[in-house]
>>> print(open('coords_11.cif').read())   # mmCIF, C-alpha atoms
data_protein
loop_
_atom_site.label_atom_id
_atom_site.label_comp_id
_atom_site.auth_asym_id
_atom_site.auth_seq_id
_atom_site.Cartn_x
_atom_site.Cartn_y
_atom_site.Cartn_z
CA MET A 9 55.92 -29.53 -320.29
CA SER A 10 56.72 -28.83 -323.92
CA VAL A 11 56.94 -25.30 -325.30
CA ASN A 12 53.98 -26.31 -327.45
CA SER A 13 51.31 -26.21 -324.76
CA PRO A 14 48.22 -28.47 -324.88
CA ALA A 15 46.12 -25.37 -325.51
CA LYS A 16 48.17 -24.43 -328.58
CA LEU A 17 48.16 -27.99 -329.87
CA ALA A 18 44.40 -28.13 -329.43
CA ARG A 19 44.05 -24.94 -331.48
CA ASP A 20 46.28 -26.41 -334.19
CA THR A 21 43.97 -29.39 -334.69
CA HIS A 22 40.65 -27.74 -333.81
CA PRO A 23 38.00 -28.02 -336.54
CA ASP A 24 37.57 -25.18 -338.95
CA PRO A 25 34.89 -22.68 -337.88
CA LYS A 26 32.39 -23.78 -340.52
CA ARG A 27 32.44 -27.37 -339.39
CA ALA A 28 32.55 -26.52 -335.70
CA GLY A 29 29.43 -24.48 -336.22
CA GLN A 30 27.51 -27.56 -337.24
CA SER A 31 27.27 -28.47 -333.57
CA GLY A 32 24.88 -25.59 -332.94
CA PRO A 33 24.93 -22.16 -331.28
CA GLN A 34 27.21 -21.45 -328.35
CA LYS A 35 26.76 -19.10 -325.41
CA PRO A 36 28.59 -15.86 -326.22
CA GLY A 37 31.21 -15.79 -323.53
CA GLY A 38 32.50 -16.73 -320.10
CA ASP A 39 35.76 -16.48 -318.22
CA GLY A 40 37.62 -19.01 -320.37
CA GLN A 41 37.45 -21.62 -317.61
CA PHE A 42 35.64 -24.94 -317.59
CA SER A 43 32.79 -24.99 -315.07
CA PHE A 44 31.81 -28.43 -313.77
CA ALA A 45 28.70 -26.96 -312.18
CA GLU A 46 27.57 -25.48 -315.48
CA ALA A 47 28.34 -28.69 -317.35
CA ARG A 48 26.49 -30.86 -314.82
CA SER A 49 23.44 -28.65 -315.10
CA LEU A 50 23.40 -29.36 -318.84
CA ILE A 51 23.85 -33.14 -318.72
CA GLY A 52 22.86 -34.16 -315.19
CA ASP A 53 19.87 -36.19 -316.40
CA LEU A 54 22.02 -38.40 -318.64
CA ALA A 55 24.00 -40.24 -315.94
CA LYS A 56 21.81 -43.34 -315.60
CA PRO A 57 22.86 -46.36 -317.69
CA ASN A 58 20.16 -48.26 -319.55
CA PRO A 59 20.66 -52.03 -319.00
CA ARG A 60 18.51 -52.89 -322.02
CA ILE A 61 20.86 -50.99 -324.33
CA TYR A 62 23.91 -52.66 -322.82
CA TRP A 63 22.51 -56.17 -323.12
CA THR A 64 21.12 -55.71 -326.63
CA ASP A 65 24.21 -54.01 -328.04
CA PHE A 66 26.65 -56.47 -326.52
CA LEU A 67 24.77 -59.66 -327.38
CA LEU A 68 24.17 -58.62 -330.98
CA SER A 69 27.83 -57.62 -331.34
CA ILE A 70 29.40 -60.74 -329.84
CA ILE A 71 27.03 -63.19 -331.50
CA GLY A 72 27.47 -61.44 -334.84
CA GLY A 73 31.23 -61.53 -334.32
CA PHE A 74 31.31 -65.29 -333.79
CA ILE A 75 29.04 -65.86 -336.80
CA ALA A 76 31.40 -63.76 -338.94
CA LEU A 77 34.40 -65.62 -337.50
CA HIS A 78 32.92 -68.99 -338.45
CA ALA A 79 32.15 -67.67 -341.93
CA THR A 80 35.76 -66.53 -342.31
CA LEU A 81 36.98 -69.96 -341.22
CA HIS A 82 34.56 -72.26 -343.05
CA VAL A 83 33.46 -70.49 -346.24
CA PRO A 84 36.83 -71.03 -348.01
CA ARG A 85 36.79 -74.71 -347.06
CA LEU A 86 33.21 -75.34 -348.18
CA PHE A 87 33.07 -73.15 -351.30
CA TRP A 88 36.72 -72.79 -352.30
CA SER A 89 36.01 -73.01 -356.06
CA GLU A 90 33.31 -70.31 -356.14
CA PRO A 91 34.32 -66.89 -357.57
CA TRP A 92 32.64 -65.00 -354.72
CA VAL A 93 34.67 -66.68 -351.97
CA VAL A 94 37.46 -64.07 -351.75
CA PRO A 95 35.19 -61.01 -351.41
CA ALA A 96 32.96 -62.98 -349.00
CA VAL A 97 35.93 -63.82 -346.79
CA ILE A 98 37.15 -60.22 -346.85
CA VAL A 99 33.72 -58.97 -345.78
CA SER A 100 33.36 -61.62 -343.06
CA TYR A 101 36.88 -60.88 -341.78
CA LEU A 102 36.22 -57.14 -341.53
CA ALA A 103 32.89 -57.83 -339.84
CA THR A 104 34.63 -60.11 -337.34
CA VAL A 105 37.22 -57.48 -336.47
CA LEU A 106 34.69 -54.65 -336.11
CA LEU A 107 32.14 -56.67 -334.13
CA PHE A 108 34.76 -58.14 -331.80
CA MET A 109 36.24 -54.66 -331.37
CA ARG A 110 32.82 -53.37 -330.31
CA SER A 111 32.33 -56.30 -327.98
CA VAL A 112 35.75 -55.95 -326.33
CA MET A 113 35.30 -52.21 -325.77
CA PHE A 114 32.56 -52.97 -323.25
CA ILE A 115 35.44 -53.77 -320.88
CA HIS A 116 35.87 -50.02 -320.59
CA GLU A 117 32.27 -49.66 -319.44
CA LEU A 118 32.57 -52.47 -316.89
CA VAL A 119 35.06 -50.43 -314.86
CA HIS A 120 32.74 -47.43 -314.65
CA LEU A 121 29.34 -49.09 -314.32
CA PRO A 122 27.70 -49.17 -310.86
CA LYS A 123 28.53 -52.30 -308.90
CA GLU A 124 24.88 -52.91 -308.17
CA GLY A 125 22.62 -54.04 -311.00
CA PHE A 126 25.25 -55.05 -313.56
CA ASN A 127 26.87 -58.13 -312.02
CA GLY A 128 24.99 -60.38 -314.45
CA PHE A 129 26.21 -58.31 -317.38
CA ARG A 130 29.80 -58.51 -316.12
CA PHE A 131 29.53 -62.29 -315.80
CA VAL A 132 28.06 -62.77 -319.28
CA TRP A 133 30.57 -60.38 -320.86
CA ASN A 134 33.45 -62.40 -319.40
CA LEU A 135 31.79 -65.67 -320.38
CA LEU A 136 31.13 -64.74 -324.03
CA CYS A 137 33.87 -62.21 -324.76
CA GLY A 138 36.50 -61.58 -322.10
CA ILE A 139 37.59 -65.16 -321.57
CA PRO A 140 37.25 -66.48 -325.17
CA LEU A 141 39.22 -63.49 -326.51
CA PHE A 142 41.84 -63.51 -323.69
CA VAL A 143 40.78 -60.12 -322.30
CA PRO A 144 39.18 -61.01 -318.94
CA SER A 145 37.94 -58.03 -317.01
CA PHE A 146 40.63 -58.23 -314.30
CA LEU A 147 43.17 -56.99 -316.85
CA TYR A 148 41.43 -53.61 -316.87
CA TYR A 149 40.92 -53.00 -313.16
CA PRO A 150 43.86 -50.50 -312.96
CA HIS A 151 42.15 -48.30 -315.57
CA MET A 152 41.02 -45.98 -312.78
CA ASP A 153 44.63 -44.80 -312.38
CA HIS A 154 44.22 -43.16 -315.79
CA HIS A 155 41.37 -41.05 -314.36
CA ARG A 156 43.09 -39.91 -311.19
CA ARG A 157 44.08 -36.25 -311.52
CA LYS A 158 47.39 -36.77 -309.74
CA HIS A 159 48.27 -39.86 -311.79
CA TYR A 160 47.26 -38.90 -315.33
CA GLY A 161 50.27 -38.83 -317.63
CA THR A 162 52.74 -39.83 -314.90
CA GLU A 163 54.51 -43.11 -314.17
CA HIS A 164 51.45 -44.15 -312.17
CA ASP A 165 49.30 -44.08 -315.31
CA GLY A 166 49.64 -47.32 -317.24
CA GLU A 167 47.65 -45.95 -320.17
CA TYR A 168 49.90 -43.06 -321.12
CA LEU A 169 53.11 -42.54 -323.06
CA SER A 170 54.83 -39.22 -323.81
CA LEU A 171 54.61 -39.87 -327.54
CA SER A 172 54.95 -36.19 -328.50
CA HIS A 173 58.34 -36.14 -326.80
CA HIS A 174 59.81 -39.27 -328.40
CA SER A 175 60.85 -40.45 -331.84
CA PRO A 176 58.16 -41.30 -334.40
CA TRP A 177 59.57 -44.81 -334.27
CA MET A 178 57.80 -45.18 -330.92
CA ILE A 179 54.51 -44.58 -332.74
CA VAL A 180 55.44 -47.19 -335.33
CA GLY A 181 56.39 -49.63 -332.59
CA PHE A 182 53.19 -48.91 -330.73
CA ILE A 183 51.17 -50.06 -333.73
CA GLY A 184 53.56 -52.86 -334.64
CA GLN A 185 53.22 -54.54 -331.25
CA ALA A 186 49.92 -55.93 -332.52
CA LEU A 187 52.00 -58.64 -334.23
CA VAL A 188 53.33 -60.06 -330.94
CA ILE A 189 50.57 -59.36 -328.40
CA PRO A 190 48.51 -62.44 -329.41
CA PHE A 191 51.48 -64.68 -328.55
CA LEU A 192 52.05 -62.81 -325.28
CA GLY A 193 48.39 -63.27 -324.37
CA LEU A 194 48.56 -66.99 -325.04
CA PHE A 195 51.82 -67.23 -323.06
CA ARG A 196 50.29 -65.32 -320.14
CA PHE A 197 47.36 -67.68 -319.69
CA VAL A 198 48.68 -71.04 -320.93
CA VAL A 199 52.18 -70.86 -319.42
CA LEU A 200 52.36 -68.19 -316.70
CA SER A 201 49.04 -69.05 -315.07
CA PRO A 202 50.07 -72.65 -314.26
CA VAL A 203 53.45 -71.33 -313.09
CA CYS A 204 51.64 -69.08 -310.60
CA TRP A 205 49.48 -71.98 -309.42
CA LEU A 206 52.47 -74.27 -308.89
CA ILE A 207 54.95 -71.62 -307.65
CA PRO A 208 53.04 -69.12 -305.46
CA GLY A 209 56.10 -66.88 -305.25
CA ALA A 210 55.77 -66.10 -308.96
CA ARG A 211 52.29 -64.62 -308.51
CA LYS A 212 53.43 -61.21 -307.31
CA LEU A 213 55.80 -60.71 -310.25
CA VAL A 214 53.24 -61.87 -312.82
CA HIS A 215 50.49 -59.75 -311.28
CA ARG A 216 52.62 -56.61 -311.29
CA HIS A 217 54.11 -56.95 -314.77
CA ALA A 218 51.90 -59.26 -316.86
CA SER A 219 48.30 -58.82 -315.73
CA THR A 220 47.21 -55.45 -317.08
CA MET A 221 46.05 -53.98 -320.39
CA VAL A 222 48.55 -51.14 -320.66
CA VAL A 223 49.98 -48.55 -323.01
CA ASP A 224 53.15 -48.09 -320.94
CA PRO A 225 55.04 -51.42 -320.87
CA PHE A 226 56.94 -50.34 -317.74
CA TYR A 227 53.81 -49.79 -315.67
CA GLU A 228 53.70 -51.80 -312.43
CA ARG A 229 50.31 -52.85 -311.13
CA GLU A 230 49.67 -52.62 -307.40
CA ASP A 231 49.18 -55.79 -305.37
CA ALA A 232 45.62 -57.12 -305.37
CA SER A 233 43.36 -57.68 -302.39
CA LYS A 234 42.35 -61.25 -301.52
CA SER A 235 38.90 -60.80 -303.04
CA GLU A 236 40.35 -59.36 -306.24
CA MET A 237 42.90 -62.15 -306.46
CA ARG A 238 40.14 -64.76 -306.25
CA VAL A 239 38.56 -63.15 -309.33
CA VAL A 240 41.94 -63.14 -311.09
CA VAL A 241 42.54 -66.84 -310.43
CA VAL A 242 39.06 -67.89 -311.58
CA GLN A 243 39.21 -65.84 -314.78
CA GLU A 244 42.74 -66.91 -315.67
CA PHE A 245 41.82 -70.58 -315.09
CA PHE A 246 39.08 -70.42 -317.70
CA CYS A 247 41.39 -68.47 -320.05
CA PHE A 248 43.88 -71.33 -319.58
CA LEU A 249 41.20 -73.82 -320.66
CA VAL A 250 40.39 -71.77 -323.76
CA GLY A 251 44.08 -71.44 -324.63
CA ALA A 252 44.75 -75.13 -324.13
CA GLY A 253 41.72 -75.95 -326.26
CA LEU A 254 42.94 -73.64 -329.01
CA ILE A 255 46.31 -75.42 -329.06
CA PHE A 256 45.21 -79.05 -328.75
CA ARG A 257 41.62 -79.27 -330.05
CA HIS A 258 42.47 -80.03 -333.67
CA LYS A 259 45.04 -82.66 -332.69
CA ILE A 260 42.52 -84.37 -330.43
CA VAL A 261 39.70 -84.33 -333.00
CA THR A 262 41.59 -85.05 -336.25
CA GLY A 263 44.99 -86.33 -335.16
CA GLU A 264 46.71 -83.49 -337.03
CA TRP A 265 48.52 -80.64 -335.33
CA PHE A 266 47.94 -77.80 -337.77
CA ASP A 267 44.64 -76.07 -337.11
CA PRO A 268 43.30 -73.59 -339.73
CA LEU A 269 41.69 -71.70 -336.84
CA TRP A 270 45.16 -70.59 -335.76
CA ILE A 271 45.61 -68.54 -338.95
CA VAL A 272 42.14 -67.03 -338.77
CA ALA A 273 42.37 -66.27 -335.04
CA TYR A 274 45.80 -64.67 -335.40
CA SER A 275 44.65 -62.58 -338.38
CA VAL A 276 41.57 -61.38 -336.48
CA ALA A 277 43.69 -60.59 -333.42
CA ILE A 278 46.12 -58.53 -335.50
CA GLY A 279 43.25 -56.64 -337.14
CA LEU A 280 41.53 -55.94 -333.83
CA LEU A 281 44.70 -54.93 -332.02
CA THR A 282 45.89 -52.69 -334.88
CA LEU A 283 42.55 -50.93 -334.99
CA ASN A 284 42.64 -50.43 -331.24
CA GLU A 285 46.21 -49.11 -331.32
CA ILE A 286 45.23 -46.56 -333.98
CA ARG A 287 42.16 -45.59 -331.95
CA THR A 288 44.34 -45.15 -328.88
CA LEU A 289 46.79 -42.89 -330.74
CA GLY A 290 43.89 -40.52 -331.44
CA ALA A 291 42.36 -40.66 -327.95
CA HIS A 292 44.92 -38.18 -326.61
CA ARG A 293 47.35 -35.62 -327.94
CA TRP A 294 50.07 -37.18 -325.75
CA THR A 295 51.64 -33.83 -324.82
CA GLY A 296 52.57 -34.80 -321.27
CA ASP A 297 56.24 -35.30 -320.44
CA GLY A 298 55.76 -37.46 -317.35
CA ALA A 299 55.13 -34.61 -314.92
CA GLU A 300 51.81 -33.97 -313.23
CA MET A 301 49.46 -32.02 -315.50
CA THR A 302 46.93 -29.36 -314.60
CA PHE A 303 43.22 -29.97 -315.10
CA GLU A 304 43.12 -27.83 -318.28
CA GLU A 305 46.22 -29.56 -319.67
CA GLN A 306 44.57 -32.92 -319.11
CA LEU A 307 41.34 -31.74 -320.72
CA LEU A 308 43.07 -30.37 -323.82
CA ASP A 309 45.24 -33.47 -324.03
CA SER A 310 42.11 -35.58 -324.70
CA VAL A 311 40.03 -35.58 -327.88
CA ASN A 312 36.39 -35.87 -329.01
CA TYR A 313 35.35 -37.02 -332.50
CA PRO A 314 31.69 -36.08 -332.97
CA HIS A 315 31.85 -35.82 -336.77
CA ALA A 316 31.18 -38.60 -339.30
CA PRO A 317 29.57 -40.92 -336.72
CA TRP A 318 29.04 -43.76 -339.21
CA ILE A 319 32.82 -44.00 -339.58
CA SER A 320 34.08 -42.91 -336.16
CA GLU A 321 31.72 -45.31 -334.40
CA LEU A 322 33.42 -48.20 -336.21
CA TRP A 323 36.92 -47.42 -334.95
CA GLY A 324 35.81 -45.74 -331.70
CA PRO A 325 32.84 -47.82 -330.49
CA ILE A 326 31.10 -47.79 -327.11
CA GLY A 327 31.74 -44.09 -326.52
CA THR A 328 35.50 -44.21 -326.98
CA ARG A 329 35.31 -41.54 -329.70
CA TYR A 330 34.21 -39.08 -326.97
CA HIS A 331 37.35 -39.55 -324.91
CA ALA A 332 37.67 -36.00 -323.60
CA LEU A 333 34.05 -36.00 -322.46
CA HIS A 334 34.59 -39.38 -320.81
CA HIS A 335 37.53 -38.00 -318.83
CA LEU A 336 35.36 -35.15 -317.58
CA PHE A 337 32.45 -37.40 -316.59
CA PRO A 338 33.63 -41.03 -316.40
CA ARG A 339 30.27 -42.24 -315.07
CA LEU A 340 28.29 -41.12 -318.11
CA PRO A 341 27.05 -44.25 -319.92
CA TYR A 342 28.36 -44.66 -323.43
CA HIS A 343 24.92 -44.47 -325.04
CA ASN A 344 24.42 -40.90 -323.73
CA LEU A 345 27.82 -39.44 -324.62
CA GLY A 346 26.73 -38.13 -328.02
CA LYS A 347 23.73 -36.33 -326.58
CA ALA A 348 25.81 -34.97 -323.69
CA HIS A 349 28.48 -33.66 -326.08
CA ARG A 350 25.91 -31.82 -328.19
CA ARG A 351 24.41 -30.19 -325.11
CA LEU A 352 27.81 -29.06 -323.87
CA ILE A 353 28.79 -27.65 -327.26
CA GLU A 354 25.54 -25.71 -327.45
CA GLY A 355 25.35 -24.68 -323.79
CA LEU A 356 28.92 -23.87 -322.73
CA PRO A 357 30.40 -20.42 -323.43
CA ALA A 358 32.23 -19.94 -326.70
CA ASP A 359 35.56 -19.55 -324.87
CA SER A 360 35.17 -22.73 -322.81
CA PRO A 361 38.22 -24.98 -323.26
CA TYR A 362 35.84 -27.86 -323.91
CA HIS A 363 35.34 -26.66 -327.49
CA LYS A 364 39.05 -27.20 -328.15
CA THR A 365 38.74 -30.93 -327.48
CA VAL A 366 36.85 -31.44 -330.76
CA ALA A 367 38.88 -32.83 -333.67
CA ASN A 368 37.99 -33.06 -337.34
CA SER A 369 39.16 -36.62 -337.85
CA LEU A 370 41.30 -39.41 -336.43
CA THR A 371 43.75 -39.17 -339.33
CA ALA A 372 44.24 -35.44 -338.77
CA GLU A 373 45.07 -36.00 -335.08
CA ILE A 374 47.50 -38.83 -335.79
CA LYS A 375 49.23 -36.74 -338.46
CA ALA A 376 49.53 -33.90 -335.94
CA LEU A 377 50.97 -36.33 -333.37
CA TRP A 378 53.50 -37.55 -335.95
CA ARG A 379 54.58 -33.95 -336.70
CA ARG A 380 54.99 -33.16 -333.00
CA SER A 381 57.05 -36.28 -332.51
CA ARG A 382 59.14 -35.62 -335.62
CA ASP A 383 59.74 -31.96 -334.71
CA ARG A 384 60.16 -32.50 -330.96
CA GLY A 385 62.60 -30.02 -329.42
CA LYS A 386 62.86 -27.81 -332.50
CA THR A 387 60.52 -25.16 -331.12
CA ALA A 388 62.36 -25.07 -327.83
CA GLU A 389 65.75 -24.86 -329.57
CA SER A 390 64.67 -21.99 -331.80
CA GLN A 391 63.08 -20.03 -328.94
CA PRO A 392 66.34 -18.42 -327.61
CA ALA A 393 67.20 -17.20 -331.11
CA LYS A 394 63.79 -15.58 -331.45
CA ILE A 395 64.13 -13.89 -328.05
CA ALA A 396 67.62 -12.62 -328.93
CA ALA A 397 66.32 -11.23 -332.20
#
>>> encode(input="coords_11.cif", output="structure tokens")
Amino acid sequence: MSVNSPAKLARDTHPDPKRAGQSGPQKPGGDGQFSFAEARSLIGDLAKPNPRIYWTDFLLSIIGGFIALHATLHVPRLFWSEPWVVPAVIVSYLATVLLFMRSVMFIHELVHLPKEGFNGFRFVWNLLCGIPLFVPSFLYYPHMDHHRRKHYGTEHDGEYLSLSHHSPWMIVGFIGQALVIPFLGLFRFVVLSPVCWLIPGARKLVHRHASTMVVDPFYEREDASKSEMRVVVVQEFFCFLVGAGLIFRHKIVTGEWFDPLWIVAYSVAIGLLTLNEIRTLGAHRWTGDGAEMTFEEQLLDSVNYPHAPWISELWGPIGTRYHALHHLFPRLPYHNLGKAHRRLIEGLPADSPYHKTVANSLTAEIKALWRRSRDRGKTAESQPAKIAA
């Protein structure tokens, strides 16, 4: 672990006292430890997901996203000479990215929702969002490794990179990969899927290395059970149909190869992926070095963004802006995370480590990450000199 401990890094980016106080009064003191029992007593009634909220939020988001997508595609063609076309396209493009981002982020909830009572929601999400946008739910099944105490931050965690211990160029590359991921997604479902169907021996390799939404590109997914593999094959088949349609539809209908939808779809994909990469950079402080981390190190390595909800909800929708709280209680439904956070801030002792998970802003956290990456090793190198002095 770095000389700069997660606790120190959390203090460095913790909100100023005036702003932190906006969350309400805190209990005067405890033993400086996080108590699950105390926290559960404060938020225990918030664990039940409300299906009506899930259905309403998702359907409005995905339908609005497709309406905005069609506006982005067709408004320039139909009204190209009008002076308002450019601002209209910019607005519709941004709306497409934000609404699709919100829709896609429900994949995170699918993993944590109870198996009973939400099968219909899972089916419709895949039908309207997962498959059309090349993010079927099977890609996210290994997400639970990220929540296992023994796996978090290690090679077994596909959603973690030791960014604080590497060059800032890794951060740049992490964001820049948004330019190539759309092509990789199309390749996965239009090329590799048929390869797996025709050459069964290729399935294991593809499943391990090209079937997971990951942060760590070297993560290897475990082999799937027969029931899970049936889901994988069905979902990838329909993704193949969508991909083939995207490639050939314009040629079939008009006789011309170039499809304007390609430009719009690629632009939306880049916008969505870039926004998600930036969100991910702020979800953790990335202080782990690959070794197993203690509970408190894991807690202080994750971040909550309760401030400026009208902005943070755009880049961190469906509860993802309360990432530290989610790691503590993964089963809490996204629509109750804000209320749960306020109760914990008000009810936990002032010295509870939970208060150190709160950050002022996403930009402040990413700047702090950049500084840690840029200055990696300097603290450790200067430590012997200080001791000698």
>>> closest_residue(input="coords_11.cif", among="A:Phe303, A:Tyr101, A:Tyr274, A:Phe245", to="A:Phe191", atoms="only C-alpha atoms")
A:Tyr274
>>> resolve_selection(input="coords_11.cif", expression="the PyMOL selection byres ((chain A and resi 152) around 12)", output="list in words")
His116, Glu117, Leu118, Val119, His120, Leu147, Tyr148, Tyr149, Pro150, His151, Asp153, His154, His155, Arg156, Arg157, Lys158, His159, Tyr160, His164, Asp165, Gly166, Glu167, Arg229, His335, Pro338 and Arg339 of chain A
>>> resolve_selection(input="coords_11.cif", expression="the PyMOL selection byres ((chain A and resi 278) around 12)", output="list of chain:residue names")
A:Tyr101, A:Leu102, A:Thr104, A:Val105, A:Phe108, A:Met109, A:Ile183, A:Gly184, A:Gln185, A:Ala186, A:Leu187, A:Val188, A:Ile189, A:Pro190, A:Phe191, A:Ile271, A:Val272, A:Ala273, A:Tyr274, A:Ser275, A:Val276, A:Ala277, A:Gly279, A:Leu280, A:Leu281, A:Thr282, A:Leu283, A:Asn284, A:Glu285
>>> resolve_selection(input="coords_11.cif", expression="the PyMOL selection byres ((chain A and resi 51) around 12)", output="PyMOL selection string")
chain A and resi 44-50+52-56+333+336-337+339-341+344-356
>>> residues_around(input="coords_11.cif", residues="A:Leu171", least_positions_apart="3", cutoff="8 Å", atoms="all atoms listed in the file", output="ChimeraX atom specification")
/A:174-176,178-179,294-295,377,381
>>> write_last_selection(input="coords_11.cif", atoms="C-alpha atoms", output="short mmCIF file (atom, residue, chain, number, x, y, z; two decimals), keeping the file's coordinate frame")
data_model
loop_
_atom_site.label_atom_id
_atom_site.label_comp_id
_atom_site.auth_asym_id
_atom_site.auth_seq_id
_atom_site.Cartn_x
_atom_site.Cartn_y
_atom_site.Cartn_z
CA HIS A 174 59.81 -39.27 -328.40
CA SER A 175 60.85 -40.45 -331.84
CA PRO A 176 58.16 -41.30 -334.40
CA MET A 178 57.80 -45.18 -330.92
CA ILE A 179 54.51 -44.58 -332.74
CA TRP A 294 50.07 -37.18 -325.75
CA THR A 295 51.64 -33.83 -324.82
CA LEU A 377 50.97 -36.33 -333.37
CA SER A 381 57.05 -36.28 -332.51
#
>>> closest_residue(input="coords_11.cif", among="A:Val240, A:Tyr342, A:Glu124, A:Ser369", to="A:Arg211", atoms="all atoms listed in the file")
A:Val240
>>> closest_residue(input="coords_11.cif", among="A:Trp318, A:Tyr313, A:Tyr330, A:Phe142", to="A:Glu373", atoms="only C-alpha atoms")
A:Tyr313
>>> residues_around(input="coords_11.cif", residues="A:Val83", least_positions_apart="2", cutoff="10 Å", atoms="all atoms listed in the file", output="ChimeraX atom specification")
/A:78-81,85-88,90,93-94,96-97,100
>>> write_last_selection(input="coords_11.cif", atoms="C-alpha atoms", output="mmCIF file, in the coordinates of the input")
data_model
loop_
_atom_site.group_PDB
_atom_site.id
_atom_site.type_symbol
_atom_site.label_atom_id
_atom_site.label_comp_id
_atom_site.auth_asym_id
_atom_site.auth_seq_id
_atom_site.Cartn_x
_atom_site.Cartn_y
_atom_site.Cartn_z
ATOM 1 C CA HIS A 78 32.920 -68.990 -338.450
ATOM 2 C CA ALA A 79 32.150 -67.670 -341.930
ATOM 3 C CA THR A 80 35.760 -66.530 -342.310
ATOM 4 C CA LEU A 81 36.980 -69.960 -341.220
ATOM 5 C CA ARG A 85 36.790 -74.710 -347.060
ATOM 6 C CA LEU A 86 33.210 -75.340 -348.180
ATOM 7 C CA PHE A 87 33.070 -73.150 -351.300
ATOM 8 C CA TRP A 88 36.720 -72.790 -352.300
ATOM 9 C CA GLU A 90 33.310 -70.310 -356.140
ATOM 10 C CA VAL A 93 34.670 -66.680 -351.970
ATOM 11 C CA VAL A 94 37.460 -64.070 -351.750
ATOM 12 C CA ALA A 96 32.960 -62.980 -349.000
ATOM 13 C CA VAL A 97 35.930 -63.820 -346.790
ATOM 14 C CA SER A 100 33.360 -61.620 -343.060
#
>>> atom_distance(input="coords_11.cif", atom1="atom CA of A:Leu107", atom2="atom CA of A:Phe74")
8.7 Å
>>> atom_distance(input="coords_11.cif", atom1="atom CA of A:Ala372", atom2="atom CA of A:Gly290")
8.9 Å
>>> atom_distance(input="coords_11.cif", atom1="atom CA of A:Asn368", atom2="atom CA of A:Ile98")
28.8 Å
>>> residues_around(input="coords_11.cif", residues="A:Ala332", least_positions_apart="5", cutoff="9 Å", atoms="all atoms listed in the file", output="list in words")
Ala291, His292, Gln306, Leu307, Leu308, Asp309, Ser310, Val311, Asn312, Phe337, Tyr362, Thr365 and Val366 of chain A
>>> closest_residue(input="coords_11.cif", among="A:His334, A:Phe246, A:Lys364, A:Leu77", to="A:Glu304", atoms="all atoms listed in the file")
A:Lys364
